[in-house]
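Asker: Sending over target_21.tsv (TSV, C-alpha atoms).
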```tsv
chain	number	residue	atom	x	y	z
A	1	MET	CA	-7.03	13.26	8.71
A	2	ILE	CA	-10.18	12.77	10.79
A	3	SER	CA	-12.45	12.61	7.74
A	4	ALA	CA	-9.96	10.41	5.87
A	5	ILE	CA	-9.67	7.63	8.44
A	6	SER	CA	-13.07	7.68	10.14
A	7	TYR	CA	-16.83	7.73	9.63
A	8	THR	CA	-19.91	8.44	11.73
A	9	PRO	CA	-22.46	5.57	11.79
A	10	ASP	CA	-26.14	6.47	11.65
A	11	GLU	CA	-28.87	4.83	13.74
A	12	PHE	CA	-29.43	2.04	11.22
A	13	GLN	CA	-25.71	1.22	11.09
A	14	ILE	CA	-25.39	1.30	14.88
A	15	ASN	CA	-28.18	-1.25	15.15
A	16	MET	CA	-26.48	-3.40	12.50
A	17	LEU	CA	-23.21	-3.30	14.42
A	18	TRP	CA	-24.52	-4.30	17.85
A	19	PHE	CA	-26.64	-7.04	16.26
A	20	LYS	CA	-23.48	-8.35	14.57
A	21	SER	CA	-21.73	-8.44	17.96
A	22	ALA	CA	-24.58	-10.45	19.47
A	23	GLY	CA	-23.94	-13.27	17.05
A	24	THR	CA	-20.28	-13.68	18.00
A	25	ILE	CA	-20.71	-14.82	21.62
A	26	THR	CA	-20.50	-18.61	21.64
A	27	ASP	CA	-22.19	-21.18	23.88
A	28	THR	CA	-18.94	-21.55	25.83
A	29	GLY	CA	-18.91	-17.88	26.77
A	30	CYS	CA	-16.16	-16.98	24.33
A	31	VAL	CA	-16.20	-14.38	21.59
A	32	SER	CA	-15.52	-15.61	18.07
A	33	VAL	CA	-14.57	-12.58	15.98
A	34	LYS	CA	-13.02	-14.59	13.16
A	35	PRO	CA	-13.65	-18.14	11.93
A	36	GLY	CA	-11.68	-20.47	14.17
A	37	VAL	CA	-10.44	-17.70	16.45
A	38	GLU	CA	-12.02	-17.33	19.90
A	39	PHE	CA	-11.29	-14.98	22.77
A	40	PRO	CA	-12.21	-16.26	26.27
A	41	MET	CA	-14.27	-13.93	28.43
A	42	THR	CA	-12.92	-13.22	31.92
A	43	THR	CA	-13.77	-10.83	34.74
A	44	ARG	CA	-10.85	-8.62	33.70
A	45	THR	CA	-10.21	-7.04	30.34
A	46	VAL	CA	-7.49	-8.70	28.33
A	47	PHE	CA	-5.18	-5.72	28.69
A	48	PHE	CA	-4.68	-6.56	32.36
A	49	ASP	CA	-3.47	-10.03	31.38
A	50	ILE	CA	-0.49	-8.73	29.39
A	51	PRO	CA	2.39	-8.05	31.85
A	52	SER	CA	4.28	-5.83	29.39
A	53	LEU	CA	1.36	-3.36	29.39
A	54	ILE	CA	1.08	-2.83	33.13
A	55	ASP	CA	3.66	-0.04	33.29
A	56	ARG	CA	1.75	1.85	30.58
A	57	ILE	CA	-1.58	1.73	32.45
A	58	LYS	CA	-2.77	4.66	34.56
A	59	THR	CA	-5.92	3.91	36.49
A	60	HIS	CA	-7.98	4.97	39.50
A	61	PRO	CA	-10.04	2.54	41.60
A	62	GLU	CA	-13.26	4.53	41.28
A	63	GLU	CA	-13.14	4.84	37.49
A	64	SER	CA	-14.69	2.43	34.99
A	65	PHE	CA	-12.01	3.28	32.42
A	66	PHE	CA	-8.27	3.80	32.46
A	67	VAL	CA	-5.65	5.36	30.19
A	68	MET	CA	-2.91	3.33	28.53
A	69	LYS	CA	-0.16	5.03	26.59
A	70	ASP	CA	0.70	3.57	23.21
A	71	ARG	CA	3.98	1.72	22.88
A	72	HIS	CA	4.99	4.32	20.29
A	73	THR	CA	5.23	8.11	20.52
A	74	PRO	CA	1.97	10.01	19.82
A	75	PHE	CA	1.80	11.48	16.29
A	76	SER	CA	4.56	9.14	15.14
A	77	CYS	CA	4.69	6.73	12.26
A	78	GLY	CA	7.40	4.50	10.94
A	79	GLU	CA	8.11	1.01	9.75
A	80	GLY	CA	5.29	-1.16	11.06
A	81	HIS	CA	3.54	1.48	13.18
A	82	ALA	CA	1.36	4.56	13.15
A	83	THR	CA	-0.19	5.92	16.33
A	84	MET	CA	-2.51	8.75	17.32
A	85	GLY	CA	-1.80	8.56	21.04
A	86	PRO	CA	-3.07	6.84	24.18
A	87	ASN	CA	-5.98	4.43	24.49
A	88	LEU	CA	-8.96	4.75	26.82
A	89	LEU	CA	-9.81	1.24	27.99
A	90	LEU	CA	-12.62	-0.45	29.87
A	91	LYS	CA	-11.36	-1.95	33.13
A	92	ARG	CA	-13.48	-5.07	33.45
A	93	PHE	CA	-16.10	-7.07	31.65
A	94	ASP	CA	-18.42	-7.86	34.59
A	95	ASP	CA	-19.72	-4.33	35.08
A	96	LYS	CA	-23.40	-3.77	35.87
A	97	THR	CA	-23.35	-0.53	33.91
A	98	PHE	CA	-21.92	-1.94	30.69
A	99	GLY	CA	-22.92	-5.58	30.82
A	100	ILE	CA	-21.03	-8.83	31.32
A	101	ASP	CA	-18.68	-9.85	28.51
A	102	ARG	CA	-18.56	-6.37	26.97
A	103	PHE	CA	-15.94	-6.70	24.25
A	104	ASN	CA	-16.87	-3.82	21.92
A	105	LEU	CA	-18.65	-0.48	22.06
A	106	PHE	CA	-21.30	-1.77	19.67
A	107	GLN	CA	-22.96	-4.43	21.79
A	108	TYR	CA	-26.23	-5.47	23.48
A	109	SER	CA	-28.56	-2.71	22.21
A	110	PHE	CA	-28.81	0.77	20.73
A	111	GLU	CA	-29.27	2.20	24.24
A	112	GLN	CA	-26.33	0.23	25.65
A	113	VAL	CA	-24.12	1.68	22.95
A	114	ARG	CA	-25.22	5.19	23.96
A	115	ILE	CA	-24.60	4.48	27.66
A	116	MET	CA	-21.01	3.33	27.14
A	117	LEU	CA	-20.31	6.15	24.69
A	118	ALA	CA	-21.59	8.74	27.19
A	119	HIS	CA	-19.37	7.28	29.92
A	120	VAL	CA	-16.32	7.34	27.65
A	121	MET	CA	-16.91	10.98	26.73
A	122	ASP	CA	-17.51	11.88	30.37
A	123	PHE	CA	-14.32	10.10	31.51
A	124	ARG	CA	-12.27	11.83	28.84
A	125	GLN	CA	-13.68	15.27	29.63
A	126	ARG	CA	-12.93	14.93	33.35
A	127	ASN	CA	-9.39	13.71	32.64
A	128	GLU	CA	-8.53	15.75	29.56
A	129	MET	CA	-5.63	17.63	31.15
A	130	ALA	CA	-4.09	14.42	32.50
A	131	ILE	CA	-4.42	12.82	29.06
A	132	LEU	CA	-2.77	15.83	27.42
A	133	GLY	CA	-0.05	15.67	30.08
A	134	GLY	CA	0.67	12.05	29.21
A	135	ILE	CA	0.92	12.92	25.53
A	136	VAL	CA	3.32	15.79	26.27
A	137	GLU	CA	5.40	13.54	28.53
A	138	ASP	CA	5.87	11.01	25.72
A	139	LEU	CA	6.70	13.79	23.24
A	140	ARG	CA	9.36	15.13	25.61
A	141	ILE	CA	10.99	11.71	25.80
A	142	ASP	CA	10.96	11.47	22.01
A	143	SER	CA	12.47	14.96	21.62
A	144	ASN	CA	15.52	13.89	23.66
A	145	LEU	CA	16.30	10.95	21.40
A	146	PRO	CA	19.13	11.18	18.83
A	147	GLN	CA	16.56	10.92	16.02
A	148	PRO	CA	13.16	12.20	17.24
A	149	LEU	CA	10.09	10.92	15.42
A	150	VAL	CA	7.99	14.05	16.00
A	151	SER	CA	8.85	17.56	14.82
A	152	PRO	CA	9.95	19.98	17.58
A	153	GLY	CA	7.24	22.52	16.73
A	154	VAL	CA	4.53	20.01	17.67
A	155	VAL	CA	6.21	19.26	20.98
A	156	GLN	CA	6.66	22.94	21.84
A	157	MET	CA	3.10	23.87	20.87
A	158	LEU	CA	1.46	21.16	22.97
A	159	GLU	CA	3.82	21.68	25.89
A	160	LEU	CA	2.91	25.38	26.03
A	161	CYS	CA	-0.78	24.42	26.01
A	162	TYR	CA	-0.29	21.91	28.80
A	163	ARG	CA	1.76	24.29	30.97
A	164	SER	CA	-0.96	26.92	30.80
A	165	GLY	CA	-3.41	24.65	32.59
A	166	ARG	CA	-6.29	26.18	30.66
A	167	ASN	CA	-9.35	24.45	29.31
A	168	LEU	CA	-8.39	22.76	26.04
A	169	GLN	CA	-11.30	24.21	24.08
A	170	ALA	CA	-10.37	27.73	25.21
A	171	MET	CA	-6.94	27.25	23.61
A	172	GLY	CA	-8.29	26.01	20.30
A	173	ILE	CA	-7.28	22.38	20.77
A	174	GLY	CA	-9.20	19.30	21.80
A	175	LEU	CA	-9.18	15.53	22.19
A	176	ARG	CA	-10.74	13.27	19.58
A	177	SER	CA	-11.43	9.57	20.17
A	178	PHE	CA	-11.96	6.71	17.76
A	179	CYS	CA	-12.74	3.03	17.97
A	180	GLN	CA	-12.79	0.03	15.69
A	181	THR	CA	-15.64	-2.40	15.23
A	182	TRP	CA	-17.08	-4.60	12.49
A	183	ASP	CA	-16.27	-3.47	8.97
A	184	MET	CA	-19.42	-2.07	7.34
A	185	ASP	CA	-18.39	-3.46	3.92
A	186	SER	CA	-16.89	-6.87	4.64
A	187	GLY	CA	-18.52	-7.72	7.98
A	188	LEU	CA	-15.10	-8.72	9.33
A	189	PRO	CA	-13.68	-7.15	12.51
A	190	ASN	CA	-11.40	-4.14	12.16
A	191	PHE	CA	-10.32	-4.59	15.78
A	192	SER	CA	-7.63	-7.03	16.91
A	193	VAL	CA	-8.41	-7.14	20.64
A	194	ALA	CA	-11.83	-8.19	21.95
A	195	SER	CA	-12.00	-5.50	24.62
A	196	PRO	CA	-13.40	-1.94	24.36
A	197	HIS	CA	-10.57	0.47	23.62
A	198	PHE	CA	-10.67	3.99	22.22
A	199	GLN	CA	-7.71	5.57	20.44
A	200	THR	CA	-7.38	9.21	21.42
A	201	ARG	CA	-5.39	12.06	19.89
A	202	VAL	CA	-5.02	15.77	20.52
A	203	TYR	CA	-5.82	17.99	17.56
A	204	VAL	CA	-6.18	21.65	16.58
A	205	SER	CA	-9.89	22.42	16.63
A	206	ASP	CA	-9.64	26.18	16.00
A	207	ALA	CA	-6.41	27.50	14.47
A	208	SER	CA	-7.33	31.17	14.98
A	209	GLN	CA	-8.07	30.58	18.65
A	210	LEU	CA	-4.82	28.65	19.10
A	211	TYR	CA	-2.86	31.44	17.43
A	212	ALA	CA	-4.46	34.02	19.72
A	213	PHE	CA	-3.58	31.89	22.75
A	214	LEU	CA	0.05	31.34	21.72
A	215	SER	CA	0.62	34.97	20.74
A	216	GLY	CA	-0.79	36.15	24.07
A	217	LEU	CA	1.41	34.03	26.34
A	218	GLN	CA	3.23	36.17	28.85
A	219	TYR	CA	4.25	33.88	31.69
A	220	PRO	CA	7.98	33.28	32.52
A	221	ASP	CA	8.31	30.18	30.33
A	222	CYS	CA	7.52	32.29	27.30
A	223	SER	CA	9.39	35.54	27.72
A	224	PRO	CA	9.80	37.34	25.43
A	225	ALA	CA	6.52	36.66	23.71
A	226	LEU	CA	6.43	34.26	20.80
A	227	THR	CA	6.96	35.83	17.40
A	228	ILE	CA	4.70	35.26	14.40
A	229	LYS	CA	7.52	33.26	12.79
A	230	GLU	CA	7.85	30.96	15.82
A	231	ILE	CA	4.12	30.25	15.88
A	232	ASP	CA	4.19	29.75	12.13
A	233	VAL	CA	6.86	27.05	12.54
A	234	MET	CA	4.69	25.27	15.14
A	235	PHE	CA	1.70	25.32	12.81
A	236	TRP	CA	3.79	24.13	9.87
A	237	ASP	CA	5.34	21.28	11.87
A	238	TYR	CA	1.89	20.24	13.09
A	239	SER	CA	0.43	20.26	9.55
A	240	VAL	CA	3.30	18.23	8.11
A	241	THR	CA	3.20	15.75	11.00
A	242	VAL	CA	-0.55	15.17	10.68
A	243	GLY	CA	-0.19	14.82	6.91
A	244	LYS	CA	2.43	12.09	7.34
A	245	LEU	CA	0.31	10.35	9.95
A	246	GLN	CA	-2.74	10.40	7.71
A	247	ALA	CA	-0.74	8.95	4.81
A	248	ALA	CA	0.59	6.19	7.09
A	249	PHE	CA	-2.90	5.21	8.26
A	250	ILE	CA	-4.26	5.19	4.70
A	251	ALA	CA	-1.30	3.09	3.55
A	252	LYS	CA	-2.10	0.57	6.27
A	253	GLY	CA	-5.66	0.25	4.98
A	254	TYR	CA	-7.47	2.43	7.53
A	255	SER	CA	-9.40	4.61	5.10
A	256	ASN	CA	-12.72	5.33	6.86
A	257	LYS	CA	-12.27	2.31	9.15
A	258	PHE	CA	-12.37	4.09	12.52
A	259	VAL	CA	-15.58	5.27	14.14
A	260	ASP	CA	-15.43	8.97	15.07
A	261	LEU	CA	-16.81	8.84	18.61
A	262	ASP	CA	-17.09	12.61	18.97
A	263	MET	CA	-19.23	13.09	15.89
A	264	MET	CA	-21.25	10.01	16.73
A	265	PHE	CA	-21.98	11.37	20.20
A	266	LYS	CA	-22.83	14.85	18.93
A	267	SER	CA	-25.21	13.44	16.34
A	268	TRP	CA	-26.96	11.16	18.84
A	269	PRO	CA	-30.63	12.14	19.33
A	270	GLY	CA	-30.79	14.29	22.48
A	271	HIS	CA	-27.11	13.65	23.24
A	272	ARG	CA	-25.95	14.64	26.68
A	273	MET	CA	-22.98	14.29	28.99
A	274	LEU	CA	-23.34	12.48	32.30
A	275	SER	CA	-22.01	15.32	34.43
```
Please rewrite the model in this file as structure tokens.
Answerer:
Amino acid sequence: MISAISYTPDEFQINMLWFKSAGTITDTGCVSVKPGVEFPMTTRTVFFDIPSLIDRIKTHPEESFFVMKDRHTPFSCGEGHATMGPNLLLKRFDDKTFGIDRFNLFQYSFEQVRIMLAHVMDFRQRNEMAILGGIVEDLRIDSNLPQPLVSPGVVQMLELCYRSGRNLQAMGIGLRSFCQTWDMDSGLPNFSVASPHFQTRVYVSDASQLYAFLSGLQYPDCSPALTIKEIDVMFWDYSVTVGKLQAAFIAKGYSNKFVDLDMMFKSWPGHRMLS
């Protein structure tokens, strides 16, 4: 799914993208992402101006970013929607670190892109267990509905991972973040909101490692130990769910339209975390 819906821009493309952003800020301080459509710049990101979103926002005063759960269940797709999971969002535009009127990751300069990307990765790493917890919480709610959207094996697998409290990488899972920017082919925006936001999903990064973790669980919530068949069902449900999600994104026209932030960060010359 990751390779089907996303791509990793090289240095030349990154420079093209931030240069494209520079040309969209108008004399009135607005951002014009489409002909005849302008978004006013304020000291708060547009997400804070939508009352219906407030109850989905989890934030801390000292952080530059916050987490907002999607209106739909993670891993779910249906009529009119397909979602990977929560969004990581920039709190405010007037930030000395990221620049005034920051409406997209690809803005200002090559170095400014790297700075914001490093901060996003750092924020996610420090809050990865809380993000996983939010995903599991939404999956639990879905599982109690008369017609759940997500297969039970996915819910059980991720809930067991979350309950363990272990480092995600040690369990063979991880978080992967994506963003939308200007389309490399058409030059039109793939994003609908002029505010930095990064779609984030949990994924299986190492199936063998995840199997070893699940088969070795021995705490009270998993007694007796999981059988090979039970783990097999979890893996099957996960594979089918991701396959359906991928098909839904492709059907909606998202083939290679997302930027893979993880691969972009790893491929950055001399990449490094902040902490």
Asker: I'd like the contact shell of Gln199 in chain A - 8 Å cut-off, all atoms listed in the file, skipping same-chain residues fewer than 6 positions apart - returned as a PyMOL selection string.
Answerer: chain A and resi 84-88+177-179
Asker: I need the residue nearest Val202 in chain A from this list: A:Thr8, A:Asn104, A:Gln169, A:Ser32. Use all atoms listed in the file for the distance.
Answerer: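 Residue with the minimum atom-to-atom distance to Val202 in chain A: A:Gln169.
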Asker: I'd like the neighbourhood of Arg166 in chain A as a ChimeraX atom specification, where a residue qualifies if any of its atoms comes within 9 Å (using all atoms listed in the file), though same-chain residues fewer than 5 positions away should be ignored.
Answerer: /A:129,161,171
Asker: Mind checking which residues fall within 9 Å of range 70-82 of chain A, counting all atoms listed in the file, ignoring those fewer than 6 positions away in the same chain, and posting them as a PyMOL selection string?
Answerer: chain A and resi 53+56+135-136+138-139+141-142+149-150+201+241-242+244-246+248-249+252
Asker: Give me the residues within 12 Å of Asp260 in chain A as a list of chain:residue names, counting only C-alpha atoms and dropping any in the same chain fewer than 6 places off.
Answerer: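 That gives A:Met1, A:Ile2, A:Ser3, A:Ala4, A:Ile5, A:Ser6, A:Tyr7, A:Thr8, A:Pro9, A:Asp10, A:Leu117, A:Met121, A:Leu175, A:Arg176, A:Ser177, A:Phe178, A:Cys179, A:Gln180, A:Thr181, A:Phe198, A:Gln199, A:Thr200, A:Arg201, A:Lys266, A:Ser267.
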Asker: Okay, now the selection with C-alpha atoms, as a PDB file, in the coordinates of the input?
Answerer:
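In the end it all went to part_1.pdb:
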```
ATOM      1  CA  MET A   1      -7.030  13.260   8.710  1.00  0.00           C
ATOM      2  CA  ILE A   2     -10.180  12.770  10.790  1.00  0.00           C
ATOM      3  CA  SER A   3     -12.450  12.610   7.740  1.00  0.00           C
ATOM      4  CA  ALA A   4      -9.960  10.410   5.870  1.00  0.00           C
ATOM      5  CA  ILE A   5      -9.670   7.630   8.440  1.00  0.00           C
ATOM      6  CA  SER A   6     -13.070   7.680  10.140  1.00  0.00           C
ATOM      7  CA  TYR A   7     -16.830   7.730   9.630  1.00  0.00           C
ATOM      8  CA  THR A   8     -19.910   8.440  11.730  1.00  0.00           C
ATOM      9  CA  PRO A   9     -22.460   5.570  11.790  1.00  0.00           C
ATOM     10  CA  ASP A  10     -26.140   6.470  11.650  1.00  0.00           C
ATOM     11  CA  LEU A 117     -20.310   6.150  24.690  1.00  0.00           C
ATOM     12  CA  MET A 121     -16.910  10.980  26.730  1.00  0.00           C
ATOM     13  CA  LEU A 175      -9.180  15.530  22.190  1.00  0.00           C
ATOM     14  CA  ARG A 176     -10.740  13.270  19.580  1.00  0.00           C
ATOM     15  CA  SER A 177     -11.430   9.570  20.170  1.00  0.00           C
ATOM     16  CA  PHE A 178     -11.960   6.710  17.760  1.00  0.00           C
ATOM     17  CA  CYS A 179     -12.740   3.030  17.970  1.00  0.00           C
ATOM     18  CA  GLN A 180     -12.790   0.030  15.690  1.00  0.00           C
ATOM     19  CA  THR A 181     -15.640  -2.400  15.230  1.00  0.00           C
ATOM     20  CA  PHE A 198     -10.670   3.990  22.220  1.00  0.00           C
ATOM     21  CA  GLN A 199      -7.710   5.570  20.440  1.00  0.00           C
ATOM     22  CA  THR A 200      -7.380   9.210  21.420  1.00  0.00           C
ATOM     23  CA  ARG A 201      -5.390  12.060  19.890  1.00  0.00           C
ATOM     24  CA  LYS A 266     -22.830  14.850  18.930  1.00  0.00           C
ATOM     25  CA  SER A 267     -25.210  13.440  16.340  1.00  0.00           C
TER      26      SER A 267
END
```
Asker: Would you mind telling me which residue in A:Val31, A:Ile25, A:Val233, A:Ile14 lies nearest to Glu111 in chain A when using only C-alpha atoms?
Answerer: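 Looking only at the distances to Glu111 in chain A, the closest residue turns out to be A:Ile14.
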Asker: Using all atoms listed in the file, which of the listed residues (A:Asn144, A:Ser164, A:Gln156, A:Ser195) sits closest to Leu90 in chain A?
Answerer: A:Ser195
Asker: To one decimal place in Å, what is the distance between CA of Pro189 in chain A and CA of Arg124 in chain A?
Answerer: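 So the two atoms, CA of Pro189 in chain A and CA of Arg124 in chain A, lie 25.1 Å apart.
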Asker: Smallest atom-to-atom distance to Glu137 in chain A: which of A:Val155, A:Ala170, A:Val120, A:Ile250, using only C-alpha atoms?
Answerer: A:Val155
Asker: Of the candidates A:Val204, A:Ala22, A:Ile231, A:Val33, which shows the shortest atom-to-atom distance to Gly187 in chain A, using only C-alpha atoms?
Answerer: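 Checking each candidate against Gly187 in chain A, we get A:Val33 as the closest.
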Asker: What is the distance between CA of Gln125 in chain A and CA of Met264 in chain A, in Å to one decimal?
Answerer: 15.9 Å
